[in-house]
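Read through the structure below, which is laid out as structure tokens, and then see the notes.
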Amino acid sequence: MEHDFASELLAALPLLLISFLAISSIVVDALVKNSQEITFRYALFGLMAVGVVAALSIFDERAVIFSGMITTGGYASYFDVLFALGGVLTLLAARPYLRSRNYELDEFYSLMLYAVAGMMLMAHANHLLIVFIGIEIMSIVFYVLSGYLRSSTFSVEAALKYFLLGAFASGFLVYGMALVYGASGTMEYGAIQESLAQGTEFPTLLLIGIGLIIVGLSFKVAAFPFHLWVPDVYQGAPTVVTGFMSTAGKAAAFAAFIPVMDVLMPGQDAITIQTLLAIIAGASMLYGNIAAVAQTKVKRMLAYSSVAHAGYIMMGIVAGSPQGKSAAMFYLASYLFMQLGAFVVIGLLERENNSDSDEVYTGLARRHPVMAAMMAVFMFSLTGIPPLAGFFGKYYLFVATIEAGYTWLTIVGVISSVVSVYFYLGLVVTMYFRETEGADSSVGEAHSLKPGLAGLSLLFTTIGVFLLGILPFLVVKVTDALAGS
Amino acid sequence: MAALLTTLFLPLLGAFALLFIDKTALRGIKVTALAISLLTFLASVVLFMQFDQSEAGFQFVINQTWISSLDAGFRIGVDGMSMLLLLLTTLIMPVAILTSFNSIKKNDKLYYAMLLLLQAGMTGVFVALDTFLFYVFWEVILIPMYFIIGVWGGKNRIYAAVKFFIYTMAGSLLMLLAIIWLGFHGDPQSGKFTADLMALRDVGPRIPFDIQQWLFLAFALSFAIKVPLFPVHTWLPDAHVQAPTAGSVILAGVMLKLGTYGLIRFNLELFPQSSHYYADFFCILSVIGIIYGALVAMAQSDIKKLVAYSSVSHMGFIVLGIFSMNSEGLQGAIIQMVNHGLSTGMLFLCVGVLYERRHTRELKDYGGVMSVMPKFGILFGIAMLASVGLPGLNGFVGEFLTLLGAYTSPALDTPWYAVLSASGVILAAVYLLKMYNGVVFGVNDKAENQSLPDLTRSEMWQLVPLAVCCFWIGLFPAGFLKVSAPSTAALVNKIEGLRADDHNYGQELLLPDAAEALAEQGAAHPD
């Protein structure tokens with residue numbers, strides 16, 4: 001397909017826009033003193049604009065531009081919207097959170113823009129190198145953001161751990177890409193596909209390469225057994241950042257994972273690769289949910305549950321069908337709302353009590369009925385109870401996986417879901433069924449909580465969870481169309 | 001159709017509306033909740049008036065596509081079986097709400113909203129004609145019941161609530177798998193996925209037996225947990241004992257019926273071959289449940305626990321009737337579902353009345369209550385006798401029919417199930433009379449019991465309508481049996497027809513070739 005340069009630029013508008021915003025925000029930051037207010041708005045409205053531009057191009061036909069490096073159109077635009085949405089919701093919650101900790105440095109907002117830019121690059125990639133560049137942009141920002149609370153040892157530990165392990169994972173990824181390049185002679189998706197269809201002289205090298213790429217990407221989506229960084233990082237990083245990392249970050253990694261596997265999976269080793277992915281998915285679901293049962297801290301519990309959810313979403317890749325892809329895309333959207341919402345609540349409670357102790361959940365329903373209700377909704381949605389977003393996502397994933405013939409994997413999924421009931425409900429039990437001891441019950445009421453902008457973020461996530469649960473066809477229509485093309 | 005939609009959605013809207021009432025306006029909250037449940041009852045009565053009792057199929061059918069790519073739809077309708085259970089639901093709810101007026105003392109707004117949400121979910125299960133929709137309603141029920149037990153329950157409520165949730169969820173997730181798997185068999189030609197129960201009803205029996213039996217077992221496990229059938233009944237006594245009175249009434253009155261209803265609607269209707277194959281298995285479990293439940297009930301000193309175990313025993317009769325797979329058994333099962341809802345509902349209300357006054361449920365703390373609470377004594381007696389199965393009261397009709405069904409059933413082909421179960425009736429008389437005797441008769445020798453007030457007007461309003469229904473069904477059962485007769489007859493015909501088609505019935509699997517042949521046959525002679 002021939003494109004003139006102007007139309008290529010137009011097609012890449014969301015990507016160009018976010019890059020411009022990210023780079024220029026530093027300039028804004030440098031020129032204006034005490035620029036928090038301005039950079040915050042700059043980032044917020046910038047991301048909204050990116051979301052709108054991307055949403056407008058969601059029905060554009062898929063096109064490959066910039067010498068085969070970048071793809072535009074539906075699939076990438078869908079994820080662009082998700083990232084922008086995740087960014088906006090996080091920004092809304094982050095401002096009051098950082099202020100209350102006296103950590104509101106202006107870089108935070110530029111970093112958010114950079115993270116989103118990296119994510120979008122991953123979704124737009126049509127070339128293994130672009131995937132790598134995108135991942136690195138995103139990851140480096142995440143390393144920094146994890147350690148953002150410099151005075152907290154937990155935060156610094158999280159950053160260091162994440163950085164060391166992340167660097168290893170990147171190494172695997174690059175090595176894998178090099179081997180694939182060696183076997184196929186190219187790094188561009190279309191060309192790889194053609195070359196693999198003709199067969200390769202180095203099938204073993206190729207298989208190892210694919211395996212290493214899977215390892216690298218599994219690390220980024222936080223799948224078992226490459227999840228070791230997850231609990232500590234999720235716990236140590238600032239809560240709002242964790243919310244962003246675990247949702248938009250996961251979505252970005254999957255946005256890259258899905259097309260990469262589309263390219264690499266077909267071929268003589270398809271069954272081997274599919275089985276490998278299925279095992280990773282099954283192990284993630286089981287391990288994540290079982291390990292979450294043993295957690296005593298809510299953030300760690302959600303960290304392990306995030307491993308499990310990576311497993312659920314991976315079922316969509318295992319299925320390998322358009323339906324599987326569509327289900328994974330839908331699930332990522334619902335996961336964004338429910339997980340991000342849960343972390344916003346956690347952040348609010350941390351702010352209120354100046355501690356991240358889990359005592360604050362006891363009898364929460366009495367002190368903050370609305371917030372407790374929302375948290376309960378998020379938990380039920382994560383469990384997969386209708387009519388909430390998480391249920392439909394799971395249902396669709398199960399349908400796709402059974403259709404692909406991986407019934408055993410869905411059985412594993414179902415069993416692990418039963419396990420997950422226990423700890424998600426555990427939080428609801430603490431919030432609703434346990435009463436605070438007589439004297440303590442007034443403590444919470446003493447200082448009233450003003451959620452501010454975070455309330456807005458919470459409202460949107462709650463609406464999202466219900467909307468995607470009751471009217472899933474609104475989104476499924478889009479993902480079906482995009483996954484099919 | 002409007003009446004059906006009102007019956008389904010009014011409680012849901014009501015639950016929503018309650019959230020906007022000021023939480024200190026207790027009176028307003030209670031009256032609104034009661035009014036909504038009464039209006040819903042009215043709507044269901046209107047629905048019943050419009051219902052054509054001679055029709056076997058579904059009526060007032062609404063068929064709206066919801067999620068087109070998965071062919072899930074908003075498909076609802078009622079037939080004779082669901083009609084009766086729908087009426088039971090709408091009748092029990094106002095009673096449950098009324099009984100909560102004095103006993104619920106915290107967070108009223110949430111409580112009544114949960115009750116109405118629960119009603120919407122239960123109604124939805126009875127009317128859903130789409131597997132996806134059915135599952136949605138099935139799961140929606142869990143949340144309000146979980147909160148009702150967990151927030152407003154007794155001392156050990158957290159354990160009971162979590163146990164209830166996990167048990168049910170474990171069963172229903174397996175059912176979800178089966179629903180999906182079944183969906184791929186909806187259209188044998190194209191293999192297109194569907195959740196349309198009307199389409200699946202016809203193809204279910206053509207699914208090869210080796211697949212069919214797994215589907216059957218997955219559905220059956222989920223429903224067996226809800227019924228609850230021995231040995232997955234252990235959540236029930238905990239849930240009953242810890243739940244507030246209204247929770248117990250709804251649990252025994254309606255929720256357990258969801259399981260037996262599901263067994264008929266899905267297991268019998270979709271997988272007749274497997275039903276035949278596993279009929280003995282389930283009948284053995286029900287007989288064990290009948291006798292075991294009765295024996296354990298006999299050993300209880302806590303009245304509520306006693307009634308809870310009597311539920312396990314009585315629900316066994318219903319499952320026995322279902323797997324007799326003849327019209328006596330099925331008709332008996334359906335009428336017994338209604339009966340059990342009424343009589344056990346009343347029993348739990350009576351236990352609630354006692355507990356309100358004395359804050360104890362120990363049998364030994366009572367005695368001779370008749371002298372101070374004569375009205376209570378009479379109504380408690382009616383409930384007890386209805387539960388025992390005294391002729392003239394409703395319990396007799398249901399138990400008699402289910403036993404007759406089991407006795408004559410060609411599918412079971414042995415009278416032993418009926419004979420053994422009949423001992424459950426005798427045991428029921430023993431433990432229920434013992435309970436009644438211990439509470440109501442004898443000498444009123446406890447100081448605390450000397451001045452117990454008799455039933456209040458509100459309590460009379462709860463118990464009398466149910467008692468009237470007990471007599472009504474007991475004396476004129478034909479009017480009720482007539483409602484579900486065409487639907488059960490059609491179902492029995494379907495099962496029998498399949499039996500005639502296949503001479504190696506019950507053992508032989510319908511292989512794909514056989515299924516094709518059957519499909520051609522069906523096309524050649526459309527009924």
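By convention here, the chains of the structure tokens are called A, B, ... in the order presented, each chain's residues are numbered starting at 1, and ligands are numbered starting at 1 in the order presented.
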Problem set entry | Per-residue DSSP, segment 257-368 of chain A, filtered to alpha helix (DSSP H), as number ranges by chain | A: 257-264, 270-293, 298-319, 322-353, 364-367
Could you please take those selected residues and save C-alpha atoms as a JSON list (two decimals), in the first residue's frame?
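Final output, saved to selection_13.json:
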[["chain", "number", "residue", "atom", "x", "y", "z"],
["A", 257, "PHE", "CA", 2.00, -9.58, 22.94],
["A", 258, "ILE", "CA", -1.09, -10.34, 20.87],
["A", 259, "PRO", "CA", 0.23, -9.25, 17.44],
["A", 260, "VAL", "CA", 3.69, -10.66, 18.14],
["A", 261, "MET", "CA", 2.19, -14.06, 18.80],
["A", 262, "ASP", "CA", -0.04, -13.65, 15.78],
["A", 263, "VAL", "CA", 3.11, -13.38, 13.74],
["A", 264, "LEU", "CA", 5.23, -15.99, 15.47],
["A", 270, "ALA", "CA", 2.42, -23.80, 16.55],
["A", 271, "ILE", "CA", 1.25, -26.54, 18.90],
["A", 272, "THR", "CA", 4.38, -26.34, 21.03],
["A", 273, "ILE", "CA", 4.09, -22.60, 21.40],
["A", 274, "GLN", "CA", 0.39, -22.74, 22.06],
["A", 275, "THR", "CA", 0.90, -25.38, 24.72],
["A", 276, "LEU", "CA", 3.65, -23.36, 26.30],
["A", 277, "LEU", "CA", 1.40, -20.32, 26.46],
["A", 278, "ALA", "CA", -1.44, -22.42, 27.82],
["A", 279, "ILE", "CA", 0.77, -23.74, 30.58],
["A", 280, "ILE", "CA", 1.92, -20.24, 31.48],
["A", 281, "ALA", "CA", -1.69, -19.07, 31.49],
["A", 282, "GLY", "CA", -2.92, -21.97, 33.61],
["A", 283, "ALA", "CA", -0.04, -21.70, 36.07],
["A", 284, "SER", "CA", -0.56, -17.94, 36.39],
["A", 285, "MET", "CA", -4.22, -18.35, 37.20],
["A", 286, "LEU", "CA", -3.64, -21.06, 39.75],
["A", 287, "TYR", "CA", -0.56, -19.61, 41.36],
["A", 288, "GLY", "CA", -1.83, -16.04, 41.41],
["A", 289, "ASN", "CA", -5.10, -16.93, 43.04],
["A", 290, "ILE", "CA", -3.71, -19.44, 45.50],
["A", 291, "ALA", "CA", -0.90, -17.12, 46.57],
["A", 292, "ALA", "CA", -3.36, -14.26, 46.96],
["A", 293, "VAL", "CA", -5.29, -16.26, 49.54],
["A", 298, "VAL", "CA", -4.72, -5.67, 50.28],
["A", 299, "LYS", "CA", -2.11, -4.32, 47.89],
["A", 300, "ARG", "CA", -0.20, -7.57, 47.86],
["A", 301, "MET", "CA", -3.40, -9.50, 47.41],
["A", 302, "LEU", "CA", -4.25, -7.41, 44.37],
["A", 303, "ALA", "CA", -0.70, -7.91, 43.13],
["A", 304, "TYR", "CA", -1.05, -11.67, 43.15],
["A", 305, "SER", "CA", -4.53, -11.45, 41.74],
["A", 306, "SER", "CA", -3.03, -9.39, 38.94],
["A", 307, "VAL", "CA", -0.82, -12.38, 38.12],
["A", 308, "ALA", "CA", -3.95, -14.48, 37.91],
["A", 309, "HIS", "CA", -5.66, -11.97, 35.65],
["A", 310, "ALA", "CA", -2.64, -12.00, 33.34],
["A", 311, "GLY", "CA", -3.33, -15.73, 33.07],
["A", 312, "TYR", "CA", -6.98, -15.19, 32.23],
["A", 313, "ILE", "CA", -6.14, -12.69, 29.53],
["A", 314, "MET", "CA", -3.47, -14.97, 28.12],
["A", 315, "MET", "CA", -6.18, -17.51, 27.45],
["A", 316, "GLY", "CA", -7.23, -15.19, 24.65],
["A", 317, "ILE", "CA", -3.78, -15.51, 23.06],
["A", 318, "VAL", "CA", -3.80, -19.27, 23.54],
["A", 319, "ALA", "CA", -7.11, -19.46, 21.71],
["A", 322, "PRO", "CA", -10.24, -13.53, 16.42],
["A", 323, "GLN", "CA", -12.69, -14.30, 19.19],
["A", 324, "GLY", "CA", -9.88, -14.92, 21.63],
["A", 325, "LYS", "CA", -8.23, -11.66, 20.71],
["A", 326, "SER", "CA", -11.48, -9.81, 21.01],
["A", 327, "ALA", "CA", -12.11, -11.36, 24.42],
["A", 328, "ALA", "CA", -8.65, -10.40, 25.63],
["A", 329, "MET", "CA", -9.15, -6.85, 24.39],
["A", 330, "PHE", "CA", -12.47, -6.63, 26.17],
["A", 331, "TYR", "CA", -11.04, -8.06, 29.36],
["A", 332, "LEU", "CA", -8.22, -5.53, 29.38],
["A", 333, "ALA", "CA", -10.76, -2.74, 29.22],
["A", 334, "SER", "CA", -12.82, -4.16, 32.07],
["A", 335, "TYR", "CA", -9.69, -4.89, 34.08],
["A", 336, "LEU", "CA", -8.64, -1.29, 33.65],
["A", 337, "PHE", "CA", -11.78, -0.08, 35.35],
["A", 338, "MET", "CA", -12.01, -2.56, 38.17],
["A", 339, "GLN", "CA", -8.37, -2.74, 39.17],
["A", 340, "LEU", "CA", -7.69, 0.97, 38.78],
["A", 341, "GLY", "CA", -10.81, 1.73, 40.76],
["A", 342, "ALA", "CA", -9.69, -0.55, 43.56],
["A", 343, "PHE", "CA", -6.33, 1.18, 43.73],
["A", 344, "VAL", "CA", -7.94, 4.61, 43.80],
["A", 345, "VAL", "CA", -9.91, 3.50, 46.85],
["A", 346, "ILE", "CA", -6.76, 2.15, 48.48],
["A", 347, "GLY", "CA", -5.01, 5.44, 47.77],
["A", 348, "LEU", "CA", -7.84, 7.42, 49.30],
["A", 349, "LEU", "CA", -7.79, 5.33, 52.45],
["A", 350, "GLU", "CA", -4.04, 5.68, 52.75],
["A", 351, "ARG", "CA", -4.48, 9.40, 52.52],
["A", 352, "GLU", "CA", -7.17, 9.48, 55.13],
["A", 353, "ASN", "CA", -5.28, 7.45, 57.67],
["A", 364, "LEU", "CA", -15.42, 0.73, 56.26],
["A", 365, "ALA", "CA", -19.03, 0.34, 55.19],
["A", 366, "ARG", "CA", -20.10, 2.24, 58.26],
["A", 367, "ARG", "CA", -17.66, 5.10, 57.88]]
For this session: Give me, as JSON, numbers by chain, the contact residues of chain B against chain A at a cut-off of 6 Å, counting only C-alpha atoms.
Result: {"B": [67, 136, 150, 151, 170, 180]}
Problem set entry | Two-atom distance - atom CA of Gly329 of chain B, atom CA of Val95 of chain B (Å) |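 The value is 29.4 Å.
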So which residues touch segment 69-83 of chain A within 8 Å, counting only C-alpha atoms, skipping near sequence neighbours fewer than 2 positions away, as a PDB file with N, CA and C atoms, in the first residue's frame?
ATOM      1  N   ALA A  11      -2.331   9.655   9.742  1.00  0.00           N
ATOM      2  CA  ALA A  11      -2.709   8.379  10.341  1.00  0.00           C
ATOM      3  C   ALA A  11      -2.007   8.179  11.683  1.00  0.00           C
ATOM      4  N   ALA A  12      -0.806   8.732  11.789  1.00  0.00           N
ATOM      5  CA  ALA A  12      -0.045   8.535  13.019  1.00  0.00           C
ATOM      6  C   ALA A  12      -0.318   9.637  14.030  1.00  0.00           C
ATOM      7  N   PRO A  14      -2.350  10.251  16.603  1.00  0.00           N
ATOM      8  CA  PRO A  14      -2.332  10.035  18.055  1.00  0.00           C
ATOM      9  C   PRO A  14      -0.918   9.852  18.583  1.00  0.00           C
ATOM     10  N   VAL A  50      -5.577  13.159  23.183  1.00  0.00           N
ATOM     11  CA  VAL A  50      -5.061  11.946  22.538  1.00  0.00           C
ATOM     12  C   VAL A  50      -6.157  10.893  22.470  1.00  0.00           C
ATOM     13  N   GLY A  51      -6.880  10.747  23.598  1.00  0.00           N
ATOM     14  CA  GLY A  51      -7.963   9.761  23.620  1.00  0.00           C
ATOM     15  C   GLY A  51      -8.993  10.053  22.556  1.00  0.00           C
ATOM     16  N   VAL A  52      -9.360  11.323  22.425  1.00  0.00           N
ATOM     17  CA  VAL A  52     -10.393  11.672  21.445  1.00  0.00           C
ATOM     18  C   VAL A  52      -9.886  11.413  20.031  1.00  0.00           C
ATOM     19  N   ALA A  54      -7.618   9.364  19.088  1.00  0.00           N
ATOM     20  CA  ALA A  54      -7.522   7.926  18.852  1.00  0.00           C
ATOM     21  C   ALA A  54      -8.908   7.327  18.646  1.00  0.00           C
ATOM     22  N   ALA A  55      -9.876   7.785  19.457  1.00  0.00           N
ATOM     23  CA  ALA A  55     -11.222   7.242  19.338  1.00  0.00           C
ATOM     24  C   ALA A  55     -11.791   7.525  17.956  1.00  0.00           C
ATOM     25  N   SER A  57     -10.199   7.608  15.254  1.00  0.00           N
ATOM     26  CA  SER A  57      -9.571   6.789  14.212  1.00  0.00           C
ATOM     27  C   SER A  57      -9.789   5.299  14.451  1.00  0.00           C
ATOM     28  N   ILE A  58     -10.711   4.969  15.378  1.00  0.00           N
ATOM     29  CA  ILE A  58     -10.846   3.571  15.775  1.00  0.00           C
ATOM     30  C   ILE A  58     -11.436   2.721  14.646  1.00  0.00           C
ATOM     31  N   PHE A  59     -12.161   3.371  13.740  1.00  0.00           N
ATOM     32  CA  PHE A  59     -12.720   2.586  12.634  1.00  0.00           C
ATOM     33  C   PHE A  59     -11.904   2.745  11.355  1.00  0.00           C
ATOM     34  N   ASP A  60     -10.754   3.398  11.484  1.00  0.00           N
ATOM     35  CA  ASP A  60      -9.882   3.502  10.308  1.00  0.00           C
ATOM     36  C   ASP A  60      -9.344   2.126   9.938  1.00  0.00           C
ATOM     37  N   GLU A  61      -9.073   1.966   8.674  1.00  0.00           N
ATOM     38  CA  GLU A  61      -8.513   0.695   8.257  1.00  0.00           C
ATOM     39  C   GLU A  61      -7.076   0.575   8.738  1.00  0.00           C
ATOM     40  N   ARG A  62      -6.654  -0.631   8.951  1.00  0.00           N
ATOM     41  CA  ARG A  62      -5.298  -0.853   9.408  1.00  0.00           C
ATOM     42  C   ARG A  62      -4.335  -0.476   8.280  1.00  0.00           C
ATOM     43  N   ALA A  63      -3.319   0.282   8.648  1.00  0.00           N
ATOM     44  CA  ALA A  63      -2.335   0.654   7.634  1.00  0.00           C
ATOM     45  C   ALA A  63      -0.950   0.546   8.229  1.00  0.00           C
ATOM     46  N   VAL A  64       0.009   0.219   7.390  1.00  0.00           N
ATOM     47  CA  VAL A  64       1.387   0.143   7.856  1.00  0.00           C
ATOM     48  C   VAL A  64       2.130   1.330   7.273  1.00  0.00           C
ATOM     49  N   ILE A  65       2.745   2.074   8.157  1.00  0.00           N
ATOM     50  CA  ILE A  65       3.390   3.303   7.678  1.00  0.00           C
ATOM     51  C   ILE A  65       4.807   3.386   8.195  1.00  0.00           C
ATOM     52  N   PHE A  66       5.466   4.464   7.825  1.00  0.00           N
ATOM     53  CA  PHE A  66       6.843   4.710   8.248  1.00  0.00           C
ATOM     54  C   PHE A  66       7.731   3.510   7.919  1.00  0.00           C
ATOM     55  N   SER A  67       7.766   3.158   6.691  1.00  0.00           N
ATOM     56  CA  SER A  67       8.611   2.053   6.196  1.00  0.00           C
ATOM     57  C   SER A  67       8.369   0.751   6.949  1.00  0.00           C
ATOM     58  N   LEU A  85      -7.300   6.713  28.631  1.00  0.00           N
ATOM     59  CA  LEU A  85      -8.302   6.636  29.696  1.00  0.00           C
ATOM     60  C   LEU A  85      -7.635   6.298  31.025  1.00  0.00           C
ATOM     61  N   GLY A  86      -6.776   5.303  30.987  1.00  0.00           N
ATOM     62  CA  GLY A  86      -6.065   4.921  32.209  1.00  0.00           C
ATOM     63  C   GLY A  86      -5.239   6.086  32.726  1.00  0.00           C
ATOM     64  N   GLY A  87      -4.591   6.802  31.814  1.00  0.00           N
ATOM     65  CA  GLY A  87      -3.777   7.946  32.213  1.00  0.00           C
ATOM     66  C   GLY A  87      -4.618   9.026  32.863  1.00  0.00           C
ATOM     67  N   VAL A 116       2.628   6.838  28.764  1.00  0.00           N
ATOM     68  CA  VAL A 116       1.566   6.593  27.779  1.00  0.00           C
ATOM     69  C   VAL A 116       2.161   6.545  26.373  1.00  0.00           C
ATOM     70  N   MET A 119       3.603   3.171  25.859  1.00  0.00           N
ATOM     71  CA  MET A 119       2.540   2.174  25.680  1.00  0.00           C
ATOM     72  C   MET A 119       1.957   2.237  24.280  1.00  0.00           C
ATOM     73  N   MET A 120       1.721   3.456  23.833  1.00  0.00           N
ATOM     74  CA  MET A 120       1.095   3.591  22.513  1.00  0.00           C
ATOM     75  C   MET A 120       2.019   3.072  21.423  1.00  0.00           C
ATOM     76  N   ALA A 123       1.573  -0.565  21.173  1.00  0.00           N
ATOM     77  CA  ALA A 123       0.359  -0.982  20.478  1.00  0.00           C
ATOM     78  C   ALA A 123       0.468  -0.734  18.982  1.00  0.00           C
ATOM     79  N   HIS A 124       1.240   0.282  18.609  1.00  0.00           N
ATOM     80  CA  HIS A 124       1.346   0.644  17.198  1.00  0.00           C
ATOM     81  C   HIS A 124       2.455  -0.121  16.475  1.00  0.00           C
ATOM     82  N   ALA A 125       3.228  -0.918  17.231  1.00  0.00           N
ATOM     83  CA  ALA A 125       4.423  -1.508  16.628  1.00  0.00           C
ATOM     84  C   ALA A 125       4.081  -2.467  15.499  1.00  0.00           C
ATOM     85  N   ASN A 126       4.887  -2.394  14.476  1.00  0.00           N
ATOM     86  CA  ASN A 126       4.792  -3.379  13.401  1.00  0.00           C
ATOM     87  C   ASN A 126       6.169  -3.976  13.152  1.00  0.00           C
ATOM     88  N   HIS A 127       7.013  -3.824  14.157  1.00  0.00           N
ATOM     89  CA  HIS A 127       8.412  -4.168  13.991  1.00  0.00           C
ATOM     90  C   HIS A 127       8.921  -4.507  15.376  1.00  0.00           C
ATOM     91  N   ILE A 130      10.483  -1.728  17.372  1.00  0.00           N
ATOM     92  CA  ILE A 130       9.564  -0.722  17.907  1.00  0.00           C
ATOM     93  C   ILE A 130       8.935  -1.237  19.199  1.00  0.00           C
ATOM     94  N   GLU A 188      10.363  -7.112  10.696  1.00  0.00           N
ATOM     95  CA  GLU A 188       9.075  -6.514  10.412  1.00  0.00           C
ATOM     96  C   GLU A 188       8.027  -7.613  10.348  1.00  0.00           C
ATOM     97  N   ALA A 248      -2.998  -0.157  32.818  1.00  0.00           N
ATOM     98  CA  ALA A 248      -2.554   0.309  31.502  1.00  0.00           C
ATOM     99  C   ALA A 248      -1.259  -0.395  31.111  1.00  0.00           C
ATOM    100  N   ALA A 251      -2.109  -3.751  29.933  1.00  0.00           N
ATOM    101  CA  ALA A 251      -2.775  -3.648  28.638  1.00  0.00           C
ATOM    102  C   ALA A 251      -1.756  -3.413  27.535  1.00  0.00           C
ATOM    103  N   ALA A 252      -0.759  -2.563  27.840  1.00  0.00           N
ATOM    104  CA  ALA A 252       0.251  -2.262  26.822  1.00  0.00           C
ATOM    105  C   ALA A 252       1.053  -3.514  26.477  1.00  0.00           C
ATOM    106  N   ALA A 255      -1.006  -5.554  24.411  1.00  0.00           N
ATOM    107  CA  ALA A 255      -1.192  -4.959  23.097  1.00  0.00           C
ATOM    108  C   ALA A 255      -0.030  -5.336  22.186  1.00  0.00           C
ATOM    109  N   ALA A 333      -9.998  -3.947  28.926  1.00  0.00           N
ATOM    110  CA  ALA A 333     -10.765  -2.737  29.220  1.00  0.00           C
ATOM    111  C   ALA A 333     -11.470  -2.868  30.565  1.00  0.00           C
ATOM    112  N   LEU A 336      -9.074  -2.663  33.404  1.00  0.00           N
ATOM    113  CA  LEU A 336      -8.642  -1.289  33.648  1.00  0.00           C
ATOM    114  C   LEU A 336      -9.555  -0.615  34.658  1.00  0.00           C
ATOM    115  N   LEU A 482     -12.429  -5.272  15.339  1.00  0.00           N
ATOM    116  CA  LEU A 482     -10.996  -5.023  15.241  1.00  0.00           C
ATOM    117  C   LEU A 482     -10.203  -6.323  15.230  1.00  0.00           C
ATOM    118  N   ALA A 483     -10.633  -7.287  16.058  1.00  0.00           N
ATOM    119  CA  ALA A 483      -9.881  -8.538  16.136  1.00  0.00           C
ATOM    120  C   ALA A 483     -10.029  -9.342  14.855  1.00  0.00           C
TER     121      ALA A 483
END
Exercise. Using only C-alpha atoms, which residue out of B:Pro465, B:Gly73, B:Gly497, B:Gly186 lies closest to Gly345 of chain B?
Worked result: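 Looking only at the distances to Gly345 of chain B, the closest residue turns out to be B:Pro465.
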Exercise. Neighbours of Leu206 of chain A within 10 Å (only C-alpha atoms; same-chain residues fewer than 4 positions away dropped), as a PyMOL selection string?
Worked result: chain A and resi 176-184+196+200-202+210-212+264+269
